[in-house]
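S.K.: Here you go, one structure.
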Amino acid sequence: MTRFLISAAHKSSGKTSVSIGLCAALARQGLVVQPFKKGPDYIDPLWLGRAAGRACRNLDFQVQTHDEITAQFARHAGGADVALVEGNKGLYDGLDLEGSNSNAALAHLLDLPVVLVLDTRGTIRGVAPLLLGYRQFDPRLRFAGVILNFVGGARHEAKLRAVIEHYTDFPVLGALPRDDSLTITERHLGLVPANEAEAADARIAALADRVTACVDLAALRQRCTAPPLPPAPPAAPPPVDDAPVRIAIARDRAFGFYYQDDLDALTAAGAELVPFDTLHDRTLPEVDGLFIGGGFPETSLQALAANAPLRAALRAAIEDGLPTYAECGGLMYLARKLHWRGQSGDMVGVIPAEVQMEARPVGRGYVHLRETGLGPWPLPPSDGDGASFHAHEFHYSRLVGLPDGLTYAYRVERGYGIDGHHDGLVLHNLLASYAHLRDVAGNHWTRRFVAHVRRCRAAARRPHPQGDCA
């Protein structure tokens with residue numbers, strides 16, 4: 001099989017566009033391509049998965065153990081012809097001095113050669129000391145070669161190739177010219193999501209055409225050939241009783257930030273996921289629970305506000321006790337009103353506050369949360385998972401006018417959350433947070449949520465239920 005890690009010297013080098021083009025170009029050859037993304041990103045995986053025709057998986061040092069990462073990689077890459085891991089930021093960038101969670105560390109952990117995407121704008125001879133420095137900084141790292149990006153023309157490319165050949169031993173695997181028509185628009189969280197971008201498939205096809213024409217795919221595969229991965233142990237299924245539940249999940253232009261592994265875990269725990277469209281559906285499906293993940297509700301503000309029948313149905317269902325989990329964009333949607341760039345629109349109205357979008361991030365990065373024991377989902381069993389855990393937040397919005405004295409599921413030990421001290425607002429059977437959770441060892445939130453939904457359904461069916469379903 002072929003497996004490698006795509007990285008760069010710094011962010012905004014175009015490695016995501018190159019990775020998307022590689023996924024699509026290799027898939028066109030009839031190969032099974034399994035994409036991975038390092039870190040907590042939701043947006044790049046949407047593009048990579050769409051290009052490969054196979055759901056992208058996230059590998060994250062901050063929330064997963066090394067054993068979890070290696071097992072997850074083997075499990076999903078094992079049946080593929082090509083495993084492509086797109087890094088985040090620069091090759092050696094990380095959260096600590098040693099780079100223990102860097103792209104280079106991931107390449108070592110998974111024994112992957114590195115394909116380096118070089119932003120060549122404004123440089124020719126300067127690429128040589130950069131490459132030599134990257135080689136010398138970690139001599140143990142294996143480099144499969146470089147892909148030159150944003151090349152200014154045939155003359156620029158020829159000079160770059162001559163410099164690299166003369167001063168280094170890096171193979172040049174391809175050279176992509178600068179082409180603004182192929183640029184995927186960026187927003188404050190990165191690229192515009194594939195579920196929102198107009199003509200996403202046409203953009204992916206154009207990137208595949210360019211990569212096919214400008215990258216030596218045969219040489220890339222030859223330099224990244226590896227023996228088959230050993231069989232990965234199957235993921236341990238959670239205990240499931242004989243009572244599956246139906247959970248509605250918002251999947252549309254406004255809401256699309258979900259980890260595929262978490263969706264798989266929900267299904268494994270006994271949930272049937274029922275997609276619905278917050279922009280066009282007028283009614284909520286017949287379900288036992290509700291999950292509204294992250295996204296960009298602000299860019300669909302007017303369409304969300306215009307769908308008054310669904311907003312009313314959601315509010316009635318949640319206030320009537322429908323077990324609901326909402327993350328970030330979902331939390332924003334459940335507030336009373338959303339304000340963005342001089343526009344305002346009514347939202348669902350369950351959360352007694354309004355949402356104001358800011359020019360700068362309010363909460364950004366990894367968070368550390370500790371459970372208060374006041375959430376709607378019972379605390380985990382005595383195996384110790386869930387008492388405190390890492391998650392991720394990235395939001396430019398804040399809640400305005402939120403009253404005092406509300407109940408929260410989490411204390412924020414690192415990060416911002418809702419107010420700098422709390423996250424996980426609890427109302428009725430709703431848990432709404434700015435933090436994005438990941439179902440991993442230490443925080444198996446999916447099975448707890450499904451069990452909560454199951455208990456609520458059972459309580460609703462009793463002739464005289466005692467108390468609530470928590």
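Residues in the structure tokens are named by chain (A, B, ... in the order shown) and by number from 1 within that chain; ligands are numbered from 1 in the order shown.
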Assign secondary structure with DSSP using the backbone only, and return the residues of segment 379-460 of chain A in alpha helix (DSSP H) as a list in words.

M.R.: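 Residues meeting the alpha helix (DSSP H) criterion: Trp445, Thr446, Arg447, Arg448, Phe449, Val450, Ala451, His452, Val453, Arg454, Arg455, Cys456, Arg457, Ala458, Ala459 and Ala460 of chain A.
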
S.K.: Since we have the selection now, will you write its residues out, keeping N, CA and C atoms, as a PDB file, in the first residue's frame?

M.R.:
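This is the output file part-v6.pdb:
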ATOM      1  N   TRP A 445     -18.610  10.013  25.602  1.00  0.00           N
ATOM      2  CA  TRP A 445     -19.844  10.780  25.729  1.00  0.00           C
ATOM      3  C   TRP A 445     -20.997  10.180  24.915  1.00  0.00           C
ATOM      4  N   THR A 446     -20.684   9.499  23.818  1.00  0.00           N
ATOM      5  CA  THR A 446     -21.762   9.015  22.944  1.00  0.00           C
ATOM      6  C   THR A 446     -22.614   7.959  23.631  1.00  0.00           C
ATOM      7  N   ARG A 447     -21.975   7.028  24.321  1.00  0.00           N
ATOM      8  CA  ARG A 447     -22.765   5.978  24.973  1.00  0.00           C
ATOM      9  C   ARG A 447     -23.559   6.543  26.143  1.00  0.00           C
ATOM     10  N   ARG A 448     -23.021   7.580  26.793  1.00  0.00           N
ATOM     11  CA  ARG A 448     -23.757   8.206  27.896  1.00  0.00           C
ATOM     12  C   ARG A 448     -24.988   8.945  27.369  1.00  0.00           C
ATOM     13  N   PHE A 449     -24.819   9.624  26.228  1.00  0.00           N
ATOM     14  CA  PHE A 449     -25.947  10.338  25.638  1.00  0.00           C
ATOM     15  C   PHE A 449     -27.020   9.365  25.164  1.00  0.00           C
ATOM     16  N   VAL A 450     -26.611   8.295  24.497  1.00  0.00           N
ATOM     17  CA  VAL A 450     -27.582   7.313  24.017  1.00  0.00           C
ATOM     18  C   VAL A 450     -28.315   6.664  25.190  1.00  0.00           C
ATOM     19  N   ALA A 451     -27.584   6.346  26.253  1.00  0.00           N
ATOM     20  CA  ALA A 451     -28.229   5.761  27.432  1.00  0.00           C
ATOM     21  C   ALA A 451     -29.225   6.744  28.044  1.00  0.00           C
ATOM     22  N   HIS A 452     -28.878   8.029  28.037  1.00  0.00           N
ATOM     23  CA  HIS A 452     -29.792   9.058  28.552  1.00  0.00           C
ATOM     24  C   HIS A 452     -31.053   9.129  27.693  1.00  0.00           C
ATOM     25  N   VAL A 453     -30.884   9.111  26.383  1.00  0.00           N
ATOM     26  CA  VAL A 453     -32.046   9.128  25.481  1.00  0.00           C
ATOM     27  C   VAL A 453     -32.933   7.918  25.740  1.00  0.00           C
ATOM     28  N   ARG A 454     -32.315   6.778  25.932  1.00  0.00           N
ATOM     29  CA  ARG A 454     -33.071   5.551  26.167  1.00  0.00           C
ATOM     30  C   ARG A 454     -33.861   5.632  27.482  1.00  0.00           C
ATOM     31  N   ARG A 455     -33.220   6.188  28.515  1.00  0.00           N
ATOM     32  CA  ARG A 455     -33.923   6.319  29.804  1.00  0.00           C
ATOM     33  C   ARG A 455     -35.089   7.298  29.696  1.00  0.00           C
ATOM     34  N   CYS A 456     -34.872   8.387  28.964  1.00  0.00           N
ATOM     35  CA  CYS A 456     -35.956   9.369  28.811  1.00  0.00           C
ATOM     36  C   CYS A 456     -37.134   8.771  28.066  1.00  0.00           C
ATOM     37  N   ARG A 457     -36.857   7.985  27.065  1.00  0.00           N
ATOM     38  CA  ARG A 457     -37.956   7.359  26.333  1.00  0.00           C
ATOM     39  C   ARG A 457     -38.707   6.386  27.222  1.00  0.00           C
ATOM     40  N   ALA A 458     -37.970   5.618  28.011  1.00  0.00           N
ATOM     41  CA  ALA A 458     -38.628   4.674  28.908  1.00  0.00           C
ATOM     42  C   ALA A 458     -39.468   5.398  29.948  1.00  0.00           C
ATOM     43  N   ALA A 459     -38.944   6.526  30.474  1.00  0.00           N
ATOM     44  CA  ALA A 459     -39.695   7.285  31.475  1.00  0.00           C
ATOM     45  C   ALA A 459     -40.966   7.869  30.886  1.00  0.00           C
ATOM     46  N   ALA A 460     -40.896   8.320  29.627  1.00  0.00           N
ATOM     47  CA  ALA A 460     -42.075   8.912  28.993  1.00  0.00           C
ATOM     48  C   ALA A 460     -43.163   7.888  28.756  1.00  0.00           C
TER      49      ALA A 460
END

S.K.: Just how far from atom CA of Leu369 of chain A is atom CA of Arg411 of chain A, in Å to one decimal?

M.R.: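 If I compute the distance from atom CA of Arg411 of chain A to atom CA of Leu369 of chain A, I get 5.7 Å.
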
S.K.: How many Å lie between atom CA of Asp41 of chain A and atom CA of Phe394 of chain A, rounded to one decimal?

M.R.: 9.9 Å

S.K.: Using only C-alpha atoms, which protein or nucleic acid residues come within 8 Å of Leu141 of chain A? Drop anything in the same chain fewer than 4 positions from it, and give the result as number ranges by chain.

M.R.: A: 104, 107-108, 113-114, 135

S.K.: Might you pull out every residue within 12 Å of segment 304-310 of chain A, with only C-alpha atoms counted and same-chain residues fewer than 6 positions away left off, and present them as a PyMOL selection string?

M.R.: chain A and resi 250+252-255+276-285+296-298+316-317+330+332-339+343-349

S.K.: As a ChimeraX atom specification, list the residues of segment 265-358 of chain A assigned to strand (DSSP E) by DSSP on the backbone atoms of this structure.

M.R.: /A:271-276,289-292,294-295,324-327,335-340,343-346,351-357

S.K.: Quick one: residues within 12 Å of Glu157 of chain A, only C-alpha atoms, excluding same-chain residues fewer than 4 positions away - as a PyMOL selection string?

M.R.: chain A and resi 120-121+123-125+127+147-153+161-164+172+174-178+214

S.K.: Write out as a list in words which residues come within 12 Å of Asp439 of chain A when counting only C-alpha atoms, dropping same-chain ones fewer than 4 positions away.

M.R.: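 Listing them by chain and then by number gives Asn58, Asp60, Val63, Gln64, Glu68, Pro238, Tyr258, Tyr259, Gln260, Asp261, Asp262, Leu263, Asp264, Ala265, Leu266, Ala268, Ala269, Asp385, Gly386, Phe389, His390, Ala391, Asn443, His444, Trp445, Thr446, Arg447, Arg448 and Phe449 of chain A.
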
S.K.: Could those selected residues go to a file with N, CA and C atoms, as a JSON list (two decimals), in the first residue's frame?

M.R.:
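After the write, selection13.json holds the following:
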[["chain", "number", "residue", "atom", "x", "y", "z"],
["A", 58, "ASN", "N", -10.02, 11.88, 12.13],
["A", 58, "ASN", "CA", -9.12, 12.81, 12.83],
["A", 58, "ASN", "C", -8.19, 12.06, 13.77],
["A", 60, "ASP", "N", -5.60, 12.97, 16.85],
["A", 60, "ASP", "CA", -5.39, 14.14, 17.71],
["A", 60, "ASP", "C", -4.65, 13.75, 18.98],
["A", 63, "VAL", "N", -6.30, 14.69, 22.62],
["A", 63, "VAL", "CA", -7.45, 13.99, 23.21],
["A", 63, "VAL", "C", -7.34, 12.48, 23.11],
["A", 64, "GLN", "N", -6.39, 11.98, 22.31],
["A", 64, "GLN", "CA", -6.23, 10.54, 22.15],
["A", 64, "GLN", "C", -4.87, 10.09, 22.68],
["A", 68, "GLU", "N", -4.47, 4.74, 20.97],
["A", 68, "GLU", "CA", -5.72, 5.01, 20.25],
["A", 68, "GLU", "C", -5.44, 5.48, 18.83],
["A", 238, "PRO", "N", -19.58, -0.71, 22.78],
["A", 238, "PRO", "CA", -20.17, -0.42, 24.08],
["A", 238, "PRO", "C", -21.30, -1.39, 24.38],
["A", 258, "TYR", "N", -19.07, 17.31, 12.46],
["A", 258, "TYR", "CA", -19.21, 16.07, 13.22],
["A", 258, "TYR", "C", -17.98, 15.20, 12.97],
["A", 259, "TYR", "N", -17.48, 14.56, 14.02],
["A", 259, "TYR", "CA", -16.41, 13.58, 13.85],
["A", 259, "TYR", "C", -17.04, 12.26, 13.42],
["A", 260, "GLN", "N", -16.54, 11.69, 12.34],
["A", 260, "GLN", "CA", -17.11, 10.45, 11.85],
["A", 260, "GLN", "C", -17.01, 9.33, 12.89],
["A", 261, "ASP", "N", -15.92, 9.32, 13.64],
["A", 261, "ASP", "CA", -15.78, 8.28, 14.66],
["A", 261, "ASP", "C", -16.84, 8.42, 15.76],
["A", 262, "ASP", "N", -17.25, 9.65, 16.05],
["A", 262, "ASP", "CA", -18.30, 9.85, 17.04],
["A", 262, "ASP", "C", -19.64, 9.39, 16.49],
["A", 263, "LEU", "N", -19.89, 9.66, 15.20],
["A", 263, "LEU", "CA", -21.13, 9.17, 14.60],
["A", 263, "LEU", "C", -21.15, 7.65, 14.61],
["A", 264, "ASP", "N", -20.01, 7.03, 14.32],
["A", 264, "ASP", "CA", -19.93, 5.57, 14.38],
["A", 264, "ASP", "C", -20.19, 5.08, 15.80],
["A", 265, "ALA", "N", -19.65, 5.80, 16.79],
["A", 265, "ALA", "CA", -19.84, 5.39, 18.18],
["A", 265, "ALA", "C", -21.30, 5.53, 18.60],
["A", 266, "LEU", "N", -21.97, 6.55, 18.15],
["A", 266, "LEU", "CA", -23.41, 6.69, 18.44],
["A", 266, "LEU", "C", -24.17, 5.50, 17.88],
["A", 268, "ALA", "N", -22.95, 2.53, 17.17],
["A", 268, "ALA", "CA", -22.56, 1.32, 17.91],
["A", 268, "ALA", "C", -23.25, 1.25, 19.26],
["A", 269, "ALA", "N", -23.57, 2.40, 19.84],
["A", 269, "ALA", "CA", -24.24, 2.43, 21.14],
["A", 269, "ALA", "C", -25.73, 2.18, 21.03],
["A", 385, "ASP", "N", -13.55, 7.40, 33.84],
["A", 385, "ASP", "CA", -13.55, 8.27, 32.66],
["A", 385, "ASP", "C", -14.64, 9.32, 32.79],
["A", 386, "GLY", "N", -14.34, 10.49, 32.23],
["A", 386, "GLY", "CA", -15.32, 11.56, 32.18],
["A", 386, "GLY", "C", -15.25, 12.56, 33.31],
["A", 389, "PHE", "N", -11.65, 16.08, 31.29],
["A", 389, "PHE", "CA", -11.25, 15.66, 29.96],
["A", 389, "PHE", "C", -10.87, 16.88, 29.13],
["A", 390, "HIS", "N", -10.17, 16.60, 28.03],
["A", 390, "HIS", "CA", -9.81, 17.62, 27.06],
["A", 390, "HIS", "C", -10.84, 17.65, 25.94],
["A", 391, "ALA", "N", -11.10, 18.83, 25.43],
["A", 391, "ALA", "CA", -11.97, 19.02, 24.27],
["A", 391, "ALA", "C", -11.41, 20.20, 23.48],
["A", 443, "ASN", "N", -13.54, 9.82, 27.87],
["A", 443, "ASN", "CA", -14.75, 10.62, 27.66],
["A", 443, "ASN", "C", -15.64, 9.96, 26.61],
["A", 444, "HIS", "N", -16.24, 8.86, 26.98],
["A", 444, "HIS", "CA", -17.14, 8.16, 26.06],
["A", 444, "HIS", "C", -18.53, 8.80, 26.14],
["A", 445, "TRP", "N", -18.61, 10.01, 25.60],
["A", 445, "TRP", "CA", -19.84, 10.78, 25.73],
["A", 445, "TRP", "C", -21.00, 10.18, 24.92],
["A", 446, "THR", "N", -20.68, 9.50, 23.82],
["A", 446, "THR", "CA", -21.76, 9.01, 22.94],
["A", 446, "THR", "C", -22.61, 7.96, 23.63],
["A", 447, "ARG", "N", -21.98, 7.03, 24.32],
["A", 447, "ARG", "CA", -22.76, 5.98, 24.97],
["A", 447, "ARG", "C", -23.56, 6.54, 26.14],
["A", 448, "ARG", "N", -23.02, 7.58, 26.79],
["A", 448, "ARG", "CA", -23.76, 8.21, 27.90],
["A", 448, "ARG", "C", -24.99, 8.95, 27.37],
["A", 449, "PHE", "N", -24.82, 9.62, 26.23],
["A", 449, "PHE", "CA", -25.95, 10.34, 25.64],
["A", 449, "PHE", "C", -27.02, 9.36, 25.16]]

S.K.: List the neighbours of segment 399-401 of chain A out to 9 Å using only C-alpha atoms; skip same-chain residues closer than 6 positions along the sequence, and give me the result as number ranges by chain.

M.R.: A: 332, 335, 352-356, 418-419

S.K.: Save the residues we just selected, C-alpha atoms, as an mmCIF file, in the first residue's frame?

M.R.:
data_model
loop_
_atom_site.group_PDB
_atom_site.id
_atom_site.type_symbol
_atom_site.label_atom_id
_atom_site.label_comp_id
_atom_site.auth_asym_id
_atom_site.auth_seq_id
_atom_site.Cartn_x
_atom_site.Cartn_y
_atom_site.Cartn_z
ATOM 1 C CA MET A 332 -26.004 29.428 18.863
ATOM 2 C CA ALA A 335 -30.502 30.895 21.524
ATOM 3 C CA PRO A 352 -32.392 32.617 27.339
ATOM 4 C CA ALA A 353 -29.715 34.745 25.653
ATOM 5 C CA GLU A 354 -28.763 36.294 22.346
ATOM 6 C CA VAL A 355 -25.664 35.518 20.293
ATOM 7 C CA GLN A 356 -23.265 38.251 19.230
ATOM 8 C CA ILE A 418 -19.652 30.069 27.787
ATOM 9 C CA ASP A 419 -18.408 32.666 30.270
#
